[in-house]
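Q: Data: model09.tsv, TSV, C-alpha atoms and all ligand atoms.
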```
chain	number	residue	atom	x	y	z
Q	7	MET	CA	100.94	127.34	104.64
Q	8	THR	CA	97.67	128.20	102.94
Q	9	SER	CA	95.41	125.56	101.50
Q	10	THR	CA	96.36	126.55	97.96
Q	11	SER	CA	100.18	126.59	98.33
Q	12	LYS	CA	102.39	123.56	98.47
Q	13	PRO	CA	103.71	122.64	101.92
Q	14	ARG	CA	107.38	123.49	102.53
Q	15	ILE	CA	109.30	120.33	103.20
Q	16	ALA	CA	112.33	119.78	105.43
Q	17	ILE	CA	114.12	116.47	104.90
Q	18	ILE	CA	116.37	115.41	107.75
Q	19	GLY	CA	118.96	112.92	106.49
Q	20	TYR	CA	120.27	112.53	102.93
Q	21	GLY	CA	120.90	108.80	102.58
Q	22	SER	CA	119.04	106.15	100.61
Q	23	GLN	CA	115.50	107.48	101.14
Q	24	GLY	CA	116.37	111.11	101.95
Q	25	ARG	CA	118.12	111.85	98.68
Q	26	ALA	CA	115.46	110.14	96.56
Q	27	HIS	CA	112.57	111.90	98.34
Q	28	ALA	CA	114.32	115.27	98.17
Q	29	LEU	CA	115.08	115.07	94.43
Q	30	ASN	CA	111.61	113.78	93.55
Q	31	LEU	CA	109.80	116.36	95.69
Q	32	ARG	CA	111.86	119.20	94.20
Q	33	ASP	CA	111.11	117.96	90.68
Q	34	SER	CA	107.42	117.85	91.70
Q	35	GLY	CA	107.58	121.56	92.54
Q	36	PHE	CA	108.00	121.51	96.32
Q	37	ASP	CA	110.30	123.82	98.23
Q	38	VAL	CA	112.76	121.40	99.89
Q	39	THR	CA	115.39	122.12	102.57
Q	40	ILE	CA	117.82	119.46	103.78
Q	41	GLY	CA	118.75	119.12	107.47
Q	42	LEU	CA	122.15	117.53	108.14
Q	43	ARG	CA	124.87	117.75	110.74
Q	44	PRO	CA	127.51	120.21	109.50
Q	45	GLY	CA	130.47	118.19	108.23
Q	46	GLY	CA	128.45	114.96	108.18
Q	47	PRO	CA	129.08	112.36	105.48
Q	48	THR	CA	126.29	113.32	103.06
Q	49	GLU	CA	126.41	117.13	103.36
Q	50	LEU	CA	128.57	117.57	100.26
Q	51	LYS	CA	126.29	115.32	98.24
Q	52	ALA	CA	123.21	117.35	99.14
Q	53	LYS	CA	125.01	120.59	98.26
Q	54	ALA	CA	126.29	119.12	94.99
Q	55	ASP	CA	122.67	118.26	94.15
Q	56	GLY	CA	121.86	121.95	94.59
Q	57	PHE	CA	119.97	121.90	97.87
Q	58	ALA	CA	119.99	124.41	100.68
Q	59	VAL	CA	121.53	122.52	103.61
Q	60	LYS	CA	120.95	123.62	107.20
Q	61	ALA	CA	121.55	122.11	110.61
Q	62	PRO	CA	118.74	119.66	111.44
Q	63	GLY	CA	117.09	121.97	113.98
Q	64	GLU	CA	117.08	124.98	111.64
Q	65	ALA	CA	115.72	122.92	108.77
Q	66	ALA	CA	113.02	121.48	111.03
Q	67	ALA	CA	111.95	124.99	112.04
Q	68	ASP	CA	111.31	125.83	108.37
Q	69	GLY	CA	109.10	122.92	107.39
Q	70	ASP	CA	105.36	122.55	107.12
Q	71	ILE	CA	106.29	118.88	106.76
Q	72	VAL	CA	109.43	117.61	108.51
Q	73	ALA	CA	110.50	114.20	107.18
Q	74	ILE	CA	112.78	112.19	109.48
Q	75	LEU	CA	114.93	110.13	107.10
Q	76	THR	CA	117.95	109.31	109.25
Q	77	PRO	CA	118.65	105.71	110.29
Q	78	ASP	CA	115.95	104.43	112.64
Q	79	MET	CA	118.32	103.96	115.57
Q	80	VAL	CA	119.46	107.61	115.61
Q	81	GLN	CA	115.94	109.02	115.38
Q	82	PRO	CA	114.89	108.98	119.06
Q	83	GLN	CA	117.83	111.08	120.24
Q	84	LEU	CA	117.64	113.33	117.18
Q	85	TYR	CA	113.92	113.88	117.72
Q	86	GLY	CA	114.27	114.62	121.41
Q	87	GLU	CA	117.30	116.90	121.22
Q	88	VAL	CA	116.89	118.68	117.91
Q	89	ILE	CA	113.53	118.20	116.22
Q	90	GLU	CA	111.02	118.60	119.03
Q	91	PRO	CA	112.57	121.84	120.35
Q	92	ASN	CA	112.52	123.40	116.87
Q	93	ILE	CA	109.59	122.08	114.86
Q	94	ARG	CA	106.75	124.61	114.51
Q	95	GLN	CA	103.50	124.28	116.44
Q	96	GLY	CA	101.04	122.30	114.35
Q	97	ALA	CA	103.58	121.14	111.75
Q	98	CYS	CA	103.51	117.67	110.24
Q	99	LEU	CA	106.13	115.13	111.33
Q	100	LEU	CA	106.68	112.44	108.70
Q	101	PHE	CA	108.39	109.06	108.93
Q	102	ALA	CA	109.26	106.50	106.24
Q	103	HIS	CA	109.02	103.57	108.66
Q	104	GLY	CA	106.81	103.23	111.73
Q	105	PHE	CA	109.40	101.60	114.00
Q	106	ASN	CA	110.12	104.36	116.52
Q	107	VAL	CA	106.54	105.53	116.96
Q	108	HIS	CA	105.10	102.02	117.06
Q	109	TYR	CA	107.63	100.72	119.61
Q	110	GLY	CA	107.35	103.84	121.76
Q	111	GLN	CA	110.88	105.14	121.12
Q	112	ILE	CA	109.47	108.49	119.96
Q	113	THR	CA	106.34	110.05	121.45
Q	114	PRO	CA	105.66	113.02	119.16
Q	115	ARG	CA	104.58	116.32	120.66
Q	116	ASP	CA	100.83	116.52	121.03
Q	117	ASP	CA	100.25	119.47	118.69
Q	118	LEU	CA	101.87	117.81	115.66
Q	119	ASP	CA	100.33	115.89	112.81
Q	120	VAL	CA	102.23	112.60	112.61
Q	121	VAL	CA	102.19	110.60	109.39
Q	122	LEU	CA	104.01	107.80	107.64
Q	123	VAL	CA	104.81	107.57	103.93
Q	124	ALA	CA	106.75	104.41	103.17
Q	125	PRO	CA	107.79	103.60	99.62
Q	126	LYS	CA	108.04	99.84	99.21
Q	127	GLY	CA	111.49	99.90	97.67
Q	128	PRO	CA	115.03	101.18	98.22
Q	129	GLY	CA	115.81	104.85	97.62
Q	130	ALA	CA	117.70	104.36	94.37
Q	131	LEU	CA	114.60	102.73	92.89
Q	132	VAL	CA	112.33	105.47	94.26
Q	133	ARG	CA	114.41	107.97	92.27
Q	134	ARG	CA	114.90	105.88	89.12
Q	135	GLU	CA	111.21	104.97	88.79
Q	136	TYR	CA	110.23	108.62	89.25
Q	137	GLU	CA	112.66	109.71	86.55
Q	138	ILE	CA	111.14	107.33	84.03
Q	139	GLY	CA	107.63	108.47	84.90
Q	140	ARG	CA	106.64	105.53	87.04
Q	141	GLY	CA	106.80	105.16	90.80
Q	142	VAL	CA	107.42	102.75	93.65
Q	143	PRO	CA	104.19	101.66	95.37
Q	144	SER	CA	103.87	103.34	98.73
Q	145	VAL	CA	101.79	102.95	101.87
Q	146	TYR	CA	100.78	105.80	104.16
Q	147	ALA	CA	99.34	106.08	107.65
Q	148	ILE	CA	98.16	108.68	110.13
Q	149	HIS	CA	99.20	108.47	113.78
Q	150	GLN	CA	98.02	111.94	114.89
Q	151	ASP	CA	95.73	114.31	113.00
Q	152	ARG	CA	95.64	117.59	114.88
Q	153	SER	CA	95.11	119.86	111.88
Q	154	GLY	CA	92.38	117.79	110.31
Q	155	ASN	CA	94.60	117.88	107.22
Q	156	ALA	CA	97.07	115.08	108.00
Q	157	GLU	CA	95.82	112.68	105.35
Q	158	GLN	CA	95.99	115.37	102.65
Q	159	LEU	CA	99.56	116.20	103.68
Q	160	ALA	CA	100.61	112.55	103.59
Q	161	LEU	CA	99.02	112.11	100.16
Q	162	ALA	CA	100.64	115.31	98.84
Q	163	TYR	CA	104.05	114.02	99.94
Q	164	CYS	CA	103.30	110.57	98.57
Q	165	ALA	CA	102.36	112.08	95.19
Q	166	GLY	CA	105.48	114.27	95.28
Q	167	ILE	CA	107.83	111.32	95.63
Q	168	GLY	CA	105.95	109.46	92.88
Q	169	GLY	CA	104.33	106.92	95.17
Q	170	ALA	CA	100.70	107.87	94.62
Q	171	ARG	CA	101.02	107.19	90.93
Q	172	GLN	CA	100.74	103.58	91.98
Q	173	ASN	CA	97.62	103.61	94.19
Q	174	ALA	CA	98.97	104.45	97.62
Q	175	ILE	CA	97.43	102.14	100.20
Q	176	ARG	CA	96.39	103.44	103.61
Q	177	THR	CA	97.81	101.41	106.47
Q	178	THR	CA	98.57	101.96	110.16
Q	179	PHE	CA	101.91	102.51	111.89
Q	180	GLN	CA	101.49	99.08	113.46
Q	181	GLU	CA	100.76	97.26	110.21
Q	182	GLU	CA	103.53	99.02	108.28
Q	183	THR	CA	106.09	98.33	111.00
Q	184	GLU	CA	105.21	94.69	111.53
Q	185	THR	CA	104.81	93.76	107.87
Q	186	ASP	CA	107.92	95.68	106.79
Q	187	LEU	CA	110.07	93.94	109.40
Q	188	PHE	CA	108.55	90.56	108.58
Q	189	GLY	CA	109.07	90.99	104.84
Q	190	GLU	CA	112.72	91.97	105.15
Q	191	GLN	CA	113.49	89.29	107.74
Q	192	ALA	CA	111.60	86.26	106.47
Q	193	VAL	CA	111.42	86.73	102.70
Q	194	LEU	CA	113.31	89.60	101.08
Q	195	CYS	CA	116.62	89.99	102.87
Q	196	GLY	CA	116.97	87.24	105.49
Q	197	GLY	CA	115.08	84.48	103.71
Q	198	ALA	CA	116.39	85.15	100.19
Q	199	THR	CA	120.01	85.52	101.32
Q	200	ARG	CA	120.03	82.28	103.25
Q	201	LEU	CA	118.22	80.40	100.48
Q	202	VAL	CA	120.81	81.52	97.92
Q	203	GLN	CA	123.78	80.76	100.19
Q	204	ALA	CA	122.46	77.34	101.21
Q	205	GLY	CA	121.69	76.38	97.60
Q	206	TRP	CA	125.15	77.44	96.44
Q	207	GLU	CA	126.84	75.61	99.33
Q	208	THR	CA	124.87	72.44	98.58
Q	209	LEU	CA	126.08	72.36	94.95
Q	210	VAL	CA	129.69	73.29	95.79
Q	211	GLU	CA	129.90	70.69	98.60
Q	212	ALA	CA	128.72	68.10	96.09
Q	213	GLY	CA	131.66	68.97	93.83
Q	214	TYR	CA	130.08	71.24	91.21
Q	215	GLN	CA	131.96	74.30	89.93
Q	216	PRO	CA	131.37	77.34	92.17
Q	217	GLU	CA	130.90	79.54	89.08
Q	218	VAL	CA	128.15	77.31	87.68
Q	219	ALA	CA	126.53	77.18	91.12
Q	220	TYR	CA	126.63	81.01	91.26
Q	221	TYR	CA	124.67	81.32	88.02
Q	222	GLU	CA	122.09	78.77	89.16
Q	223	CYS	CA	121.53	79.98	92.71
Q	224	LEU	CA	122.16	83.74	92.64
Q	225	HIS	CA	122.34	85.28	89.17
Q	226	GLU	CA	119.22	83.62	87.76
Q	227	LEU	CA	117.15	84.64	90.75
Q	228	LYS	CA	116.78	88.08	89.18
Q	229	LEU	CA	115.27	86.63	86.04
Q	230	ILE	CA	112.66	84.80	88.10
Q	231	VAL	CA	111.94	87.78	90.35
Q	232	ASP	CA	111.49	90.01	87.28
Q	233	LEU	CA	108.75	87.62	86.11
Q	234	PHE	CA	107.10	87.74	89.57
Q	235	TYR	CA	107.25	91.53	89.43
Q	236	GLU	CA	105.70	91.76	85.97
Q	237	GLY	CA	102.99	89.16	86.25
Q	238	GLY	CA	103.20	87.15	89.44
Q	239	ILE	CA	103.87	83.45	89.76
Q	240	THR	CA	101.50	82.96	86.80
Q	241	ARG	CA	103.98	84.73	84.53
Q	242	MET	CA	106.87	82.64	85.82
Q	243	HIS	CA	104.94	79.51	84.91
Q	244	GLU	CA	104.32	80.94	81.43
Q	245	PHE	CA	108.04	81.37	80.84
Q	246	ILE	CA	109.82	78.45	82.46
Q	247	SER	CA	109.98	74.98	80.95
Q	248	GLU	CA	107.54	72.23	81.82
Q	249	THR	CA	110.41	70.37	83.43
Q	250	ALA	CA	111.18	73.38	85.63
Q	251	GLN	CA	107.50	73.69	86.53
Q	252	TYR	CA	107.15	70.03	87.46
Q	253	GLY	CA	110.32	70.19	89.55
Q	254	ALA	CA	109.22	73.38	91.28
Q	255	LEU	CA	105.76	72.06	92.07
Q	256	THR	CA	107.01	68.76	93.47
Q	257	ARG	CA	110.21	69.97	95.23
Q	258	GLY	CA	109.41	73.49	96.46
Q	259	ASP	CA	107.63	72.08	99.49
Q	260	TYR	CA	110.74	70.09	100.45
Q	261	ILE	CA	112.36	73.48	101.09
Q	262	VAL	CA	109.54	75.58	102.51
Q	263	ASP	CA	108.02	72.90	104.70
Q	264	ALA	CA	106.02	72.90	107.93
Q	265	ASN	CA	109.15	73.73	109.89
Q	266	THR	CA	109.89	76.78	107.70
Q	267	ARG	CA	106.32	77.98	108.20
Q	268	ALA	CA	106.62	77.51	111.98
Q	269	GLN	CA	109.85	79.53	111.89
Q	270	MET	CA	108.10	82.28	109.93
Q	271	ARG	CA	105.40	82.44	112.60
Q	272	LYS	CA	108.17	82.71	115.19
Q	273	VAL	CA	109.79	85.60	113.29
Q	274	LEU	CA	106.40	87.33	113.21
Q	275	ALA	CA	105.69	86.67	116.90
Q	276	GLU	CA	109.04	88.22	117.89
Q	277	ILE	CA	108.16	91.31	115.84
Q	278	GLN	CA	104.66	91.55	117.31
Q	279	ASP	CA	105.69	91.13	120.96
Q	280	GLY	CA	108.62	93.58	120.68
Q	281	THR	CA	111.37	90.97	121.16
Q	282	PHE	CA	113.06	91.88	117.88
Q	283	ALA	CA	112.86	95.63	118.53
Q	284	ARG	CA	114.30	95.32	122.05
Q	285	GLN	CA	117.15	93.12	120.77
Q	286	TRP	CA	118.05	95.51	117.94
Q	287	ILE	CA	117.89	98.60	120.18
Q	288	ALA	CA	120.13	96.87	122.77
Q	289	GLU	CA	122.58	95.75	120.07
Q	290	TYR	CA	122.84	99.28	118.70
Q	291	ALA	CA	123.28	100.76	122.17
Q	292	ALA	CA	126.06	98.24	122.94
Q	293	GLY	CA	128.05	99.26	119.83
Q	294	ASN	CA	126.85	96.70	117.26
Q	295	ALA	CA	129.59	94.09	117.85
Q	296	HIS	CA	127.33	91.17	116.88
Q	297	TYR	CA	125.76	93.02	114.00
Q	298	LYS	CA	129.16	93.90	112.55
Q	299	ALA	CA	130.51	90.36	112.97
Q	300	MET	CA	127.45	88.77	111.34
Q	301	LYS	CA	127.53	91.24	108.48
Q	302	GLN	CA	131.24	90.58	107.95
Q	303	ALA	CA	130.52	86.85	107.71
Q	304	ASP	CA	128.06	87.57	104.87
Q	305	LEU	CA	130.66	89.75	103.13
Q	306	ASP	CA	133.30	87.05	103.56
Q	307	HIS	CA	131.10	84.19	102.29
Q	308	PRO	CA	132.90	82.52	99.35
Q	309	ILE	CA	129.97	83.16	97.00
Q	310	GLU	CA	130.90	86.85	97.20
Q	311	ALA	CA	134.39	86.32	95.75
Q	312	ILE	CA	133.01	84.11	92.97
Q	313	GLY	CA	130.36	86.67	92.15
Q	314	LYS	CA	132.81	89.54	92.10
Q	315	LYS	CA	134.96	87.67	89.57
Q	316	LEU	CA	132.02	86.76	87.33
Q	317	ARG	CA	130.40	90.17	87.48
Q	318	ALA	CA	133.63	91.81	86.29
Q	319	ASN	CA	132.68	90.48	82.83
Q	320	MET	CA	129.07	91.66	82.98
Q	321	LYS	CA	129.67	95.00	81.30
Q	322	TRP	CA	126.05	96.08	81.62
Q	323	LEU	CA	126.40	96.23	85.40
Q	324	ALA	CA	128.72	99.22	85.08
Q	325	SER	CA	125.92	101.27	83.50
Q	326	SER	CA	123.47	103.46	85.38
Q	327	GLN	CA	121.13	100.48	85.67
Q	328	ALA	CA	123.00	99.32	88.76
Q	329	ALA	CA	121.74	100.84	92.02
Q	330	PRO	CA	124.33	103.06	93.71
Q	331	ALA	CA	125.46	101.76	97.08
Q	332	LYS	CA	124.07	103.35	100.22
Q	333	PRO	CA	126.54	105.91	101.49
Q	334	ALA	CA	128.74	104.41	104.21
Q	335	THR	CA	126.60	105.86	106.95
Q	336	ASP	CA	124.71	102.79	108.05
Q	337	ALA	CA	124.96	101.56	111.59
Q	338	ALA	CA	127.10	98.55	110.69
Q	339	SER	CA	129.90	100.74	109.44
Q	340	GLN	CA	129.84	103.69	111.82
Q	341	PRO	CA	127.42	103.18	114.67
Q	342	GLN	CA	128.65	105.66	117.21
Q	343	SER	CA	129.46	108.54	114.88
Q	344	GLU	CA	125.96	108.28	113.46
Q	345	ALA	CA	124.37	108.35	116.88
Q	346	ALA	CA	125.58	111.88	117.49
Q	401	LIG	P1	120.52	105.96	105.41
Q	401	LIG	O1	121.36	105.21	106.37
Q	401	LIG	O2	120.68	105.67	103.97
Q	401	LIG	O3	120.75	107.56	105.53
Q	401	LIG	C1	121.03	108.19	106.70
Q	401	LIG	C2	121.16	109.71	106.53
Q	401	LIG	O4	120.98	110.30	107.81
Q	401	LIG	C3	122.53	110.15	106.06
Q	401	LIG	O5	122.40	111.36	105.31
Q	401	LIG	C4	123.24	110.45	107.38
Q	401	LIG	O6	124.32	111.34	107.23
Q	401	LIG	C5	122.11	111.08	108.14
Q	401	LIG	N1	122.25	111.05	109.58
Q	401	LIG	C6	122.68	110.04	110.36
Q	401	LIG	N2	122.66	110.40	111.64
Q	401	LIG	C7	122.18	111.67	111.68
Q	401	LIG	C8	121.93	112.59	112.72
Q	401	LIG	N3	122.15	112.27	113.99
Q	401	LIG	N4	121.44	113.82	112.40
Q	401	LIG	C9	121.20	114.17	111.12
Q	401	LIG	N5	121.42	113.31	110.09
Q	401	LIG	C10	121.91	112.09	110.37
Q	401	LIG	O7	119.00	105.80	105.86
Q	401	LIG	P2	117.79	105.10	105.04
Q	401	LIG	O8	118.11	103.67	104.77
Q	401	LIG	O9	117.40	106.00	103.92
Q	401	LIG	O10	116.63	105.11	106.14
Q	401	LIG	C11	115.94	106.29	106.48
Q	401	LIG	C12	114.53	105.92	106.90
Q	401	LIG	O11	113.83	105.38	105.77
Q	401	LIG	C13	114.46	104.85	107.99
Q	401	LIG	O12	113.36	105.16	108.81
Q	401	LIG	C14	114.20	103.57	107.21
Q	401	LIG	O13	113.57	102.56	107.97
Q	401	LIG	C15	113.28	104.10	106.12
Q	401	LIG	N6	113.22	103.28	104.92
Q	401	LIG	C16	114.38	102.89	104.30
Q	401	LIG	C17	114.31	102.14	103.13
Q	401	LIG	C18	115.58	101.77	102.40
Q	401	LIG	O14	115.46	101.12	101.36
Q	401	LIG	N7	116.79	102.11	102.81
Q	401	LIG	C19	113.06	101.77	102.59
Q	401	LIG	C20	111.88	102.22	103.22
Q	401	LIG	C21	111.98	102.98	104.39
Q	402	MG	MG	112.36	98.02	106.09
```
So that I can check it, write out the structure of this file as structure tokens.

A:
Amino acid sequence: MTSTSKPRIAIIGYGSQGRAHALNLRDSGFDVTIGLRPGGPTELKAKADGFAVKAPGEAAADGDIVAILTPDMVQPQLYGEVIEPNIRQGACLLFAHGFNVHYGQITPRDDLDVVLVAPKGPGALVRREYEIGRGVPSVYAIHQDRSGNAEQLALAYCAGIGGARQNAIRTTFQEETETDLFGEQAVLCGGATRLVQAGWETLVEAGYQPEVAYYECLHELKLIVDLFYEGGITRMHEFISETAQYGALTRGDYIVDANTRAQMRKVLAEIQDGTFARQWIAEYAAGNAHYKAMKQADLDHPIEAIGKKLRANMKWLASSQAAPAKPATDAASQPQSEAA
């Protein structure tokens, strides 16, 4: 690549992030090639979207930037067997999450630039926000800068996916990995799920209608989170009633108390000392039996059946506003086939 031309980009994996990055980068004028296993579950989708699809090694050989957007647990083997033998000398290897580099599961070849561009949102949102001229905030980091140009490459990619429209923040692989895992475990996915389920169970156990409990503990959460998103907790206080404010201010600390904070510090400590990473890697290697069983329990929770019934009447959810599901390629559904 010359300094005036756009880097050629190879995207390995066409799932949640891969598809969104590929479509946004192409619309931003980049030359994008997709690397996928022939006959894999997302190959047809990438072709239907009009991309050139090659085997991962061939695609990697083409890229000035090679973005690894397969599930984290398949990346070490994929990197070792297919990417490292094929990626050009001096190319730029790009990740969307720092996990494998930070925890030493991938040690990139010494000649490569190694960068991270992590949009802080799921792929469907990365695409939708781009299409309406906005973007999902992103962070970026540099692990190796052999060309002297690694930061420029990361920022070019970040701009191409729409992330730099929103002030991309420079971070490190360590900070991105640890904060991303903490956020999803303690607050966004683990914390929010358990809070909703426990609230719903408390009302239903006390004899209230499960449908009413669903509206109170799950459905309305979106309305509150939308206010957070637009204007922080300040905006929530502007919109909710005085009674709701007084109740929140006096009762919120019953729920998130000193014990909850101690548990949050424990979650963080297990991320920082590698306990979580070792446990997840071992679970994946052993075939994901616990992961699948725990996920099934979430899917079988009675709030899911109530929600399904109520949402059938929410016509607006059938529109394009609803995020498409991840393709069924995640580790919980097909661990071993994905590890190939
Ligand atoms: P995904 O599960 O949605 O997509 C996986 C893709 O990789 C599919 O196209 C699948 O066919 C392909 N694939 C699987 N195994 C492969 C192999 N061995 N060789 C080639 N292709 C293979 O993945 P995702 O959730 O988009 O995650 C990708 C990366 O993005 C991860 O590093 C993840 O941590 C990061 N990330 C994800 C999100 C998110 O919202 N999902 C957000 C930020 C960062
Ligand atoms: Mg994450």

Q: Looking at all atoms listed in the file, which of Q:Gln23, Q:Met270, Q:Ala147, Q:Ala162 is the one that sits closest to Gly196 (chain Q)?

A: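 Of all the options, Q:Met270 lies closest to Gly196 (chain Q).
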
Q: Give me the residues of chain Q that have any atom at most 6 Å from an atom of ligand LIG 401 (chain Q); for each, the nearest atom pair and the distance in Å, rounded to one decimal. Use all atoms listed in the file, sort by chain and number, and format it as JSON lines.

A:
```
{"residue": "Q:Ile18", "atom": "CA", "partner": "Q:LIG401", "partner_atom": "N5", "distance": 5.9}
{"residue": "Q:Gly19", "atom": "CA", "partner": "Q:LIG401", "partner_atom": "O4", "distance": 3.6}
{"residue": "Q:Tyr20", "atom": "CA", "partner": "Q:LIG401", "partner_atom": "O5", "distance": 3.4}
{"residue": "Q:Gly21", "atom": "CA", "partner": "Q:LIG401", "partner_atom": "O3", "distance": 3.2}
{"residue": "Q:Ser22", "atom": "CA", "partner": "Q:LIG401", "partner_atom": "O9", "distance": 3.7}
{"residue": "Q:Gln23", "atom": "CA", "partner": "Q:LIG401", "partner_atom": "O9", "distance": 3.7}
{"residue": "Q:Gly24", "atom": "CA", "partner": "Q:LIG401", "partner_atom": "O9", "distance": 5.6}
{"residue": "Q:Leu42", "atom": "CA", "partner": "Q:LIG401", "partner_atom": "C9", "distance": 4.6}
{"residue": "Q:Arg43", "atom": "CA", "partner": "Q:LIG401", "partner_atom": "C9", "distance": 5.1}
{"residue": "Q:Gly46", "atom": "CA", "partner": "Q:LIG401", "partner_atom": "O6", "distance": 5.6}
{"residue": "Q:Pro47", "atom": "CA", "partner": "Q:LIG401", "partner_atom": "O6", "distance": 5.2}
{"residue": "Q:Thr48", "atom": "CA", "partner": "Q:LIG401", "partner_atom": "O5", "distance": 4.9}
{"residue": "Q:Leu75", "atom": "CA", "partner": "Q:LIG401", "partner_atom": "C11", "distance": 4.0}
{"residue": "Q:Thr76", "atom": "CA", "partner": "Q:LIG401", "partner_atom": "O4", "distance": 3.5}
{"residue": "Q:Pro77", "atom": "CA", "partner": "Q:LIG401", "partner_atom": "O7", "distance": 4.4}
{"residue": "Q:Asp78", "atom": "CA", "partner": "Q:LIG401", "partner_atom": "O12", "distance": 4.7}
{"residue": "Q:Val80", "atom": "CA", "partner": "Q:LIG401", "partner_atom": "N3", "distance": 5.6}
{"residue": "Q:Leu84", "atom": "CA", "partner": "Q:LIG401", "partner_atom": "N3", "distance": 5.6}
{"residue": "Q:Ala102", "atom": "CA", "partner": "Q:LIG401", "partner_atom": "C15", "distance": 4.7}
{"residue": "Q:His103", "atom": "CA", "partner": "Q:LIG401", "partner_atom": "O12", "distance": 4.6}
{"residue": "Q:Ala124", "atom": "CA", "partner": "Q:LIG401", "partner_atom": "C21", "distance": 5.6}
{"residue": "Q:Pro125", "atom": "CA", "partner": "Q:LIG401", "partner_atom": "C20", "distance": 5.6}
{"residue": "Q:Gly127", "atom": "CA", "partner": "Q:LIG401", "partner_atom": "C19", "distance": 5.5}
{"residue": "Q:Pro128", "atom": "CA", "partner": "Q:LIG401", "partner_atom": "O14", "distance": 3.2}
{"residue": "Q:Gly129", "atom": "CA", "partner": "Q:LIG401", "partner_atom": "O14", "distance": 5.3}
{"residue": "Q:Lys332", "atom": "CA", "partner": "Q:LIG401", "partner_atom": "O2", "distance": 5.6}
{"residue": "Q:Thr335", "atom": "CA", "partner": "Q:LIG401", "partner_atom": "O1", "distance": 5.3}
{"residue": "Q:Asp336", "atom": "CA", "partner": "Q:LIG401", "partner_atom": "O1", "distance": 4.5}
{"residue": "Q:Glu344", "atom": "CA", "partner": "Q:LIG401", "partner_atom": "N2", "distance": 4.3}
{"residue": "Q:Ala345", "atom": "CA", "partner": "Q:LIG401", "partner_atom": "N3", "distance": 5.4}
{"residue": "Q:Ala346", "atom": "CA", "partner": "Q:LIG401", "partner_atom": "N3", "distance": 4.9}
```

Q: How about saving the chosen residues, C-alpha atoms kept, as a compact mmCIF listing (two decimals), keeping the file's coordinate frame?

A:
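Writing done, so here's part.txt:
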```txt
# COMPACT_ATOMS: atom_id res chain seq x y z
CA ILE Q 18 116.37 115.41 107.75
CA GLY Q 19 118.96 112.92 106.49
CA TYR Q 20 120.27 112.53 102.93
CA GLY Q 21 120.90 108.80 102.58
CA SER Q 22 119.04 106.15 100.61
CA GLN Q 23 115.50 107.48 101.14
CA GLY Q 24 116.37 111.11 101.95
CA LEU Q 42 122.15 117.53 108.14
CA ARG Q 43 124.87 117.75 110.74
CA GLY Q 46 128.45 114.96 108.18
CA PRO Q 47 129.08 112.36 105.48
CA THR Q 48 126.29 113.32 103.06
CA LEU Q 75 114.93 110.13 107.10
CA THR Q 76 117.95 109.31 109.25
CA PRO Q 77 118.65 105.71 110.29
CA ASP Q 78 115.95 104.43 112.64
CA VAL Q 80 119.46 107.61 115.61
CA LEU Q 84 117.64 113.33 117.18
CA ALA Q 102 109.26 106.50 106.24
CA HIS Q 103 109.02 103.57 108.66
CA ALA Q 124 106.75 104.41 103.17
CA PRO Q 125 107.79 103.60 99.62
CA GLY Q 127 111.49 99.90 97.67
CA PRO Q 128 115.03 101.18 98.22
CA GLY Q 129 115.81 104.85 97.62
CA LYS Q 332 124.07 103.35 100.22
CA THR Q 335 126.60 105.86 106.95
CA ASP Q 336 124.71 102.79 108.05
CA GLU Q 344 125.96 108.28 113.46
CA ALA Q 345 124.37 108.35 116.88
CA ALA Q 346 125.58 111.88 117.49
```

Q: Name the residues, by chain letter and number, that sit within 8 Å of ligand MG 402 (chain Q) using all atoms listed in the file, and give them as a list in words.

A: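 Listed by chain and ascending number, the contacts are His103, Thr183, Asp186, Leu187, Gly189 and Glu190 of chain Q.
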
Q: Excluding region 313-324 of chain Q and any residue of its chain fewer than 6 positions from it, enumerate the residues within 9 Å of it, using only C-alpha atoms, and give them as a list in words.

A: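 After dropping sequence-adjacent residues, the list is Glu217, Tyr220, Tyr221, Leu224 and His225 of chain Q.
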
Q: Please return as a list in words every residue within 12 Å of (103.8, 80.8, 92.6), taking into account all atoms listed in the file and the file's own coordinates.

A: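 Those residues lying close to the given coordinates are Ile230, Val231, Leu233, Phe234, Tyr235, Gly237, Gly238, Ile239, Thr240, Arg241, Met242, His243, Glu244, Gln251, Ala254, Leu255, Gly258 and Asp259 of chain Q.
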
Q: Hey, can I get the axis-aligned box for region 12-20 of chain Q? All listed atoms, 8 Å padding on each side, centre and edge lengths in Å to one decimal, as JSON.

A:
```
{"center_x": 111.3, "center_y": 118.0, "center_z": 103.1, "size_x": 33.9, "size_y": 27.0, "size_z": 25.3}
```
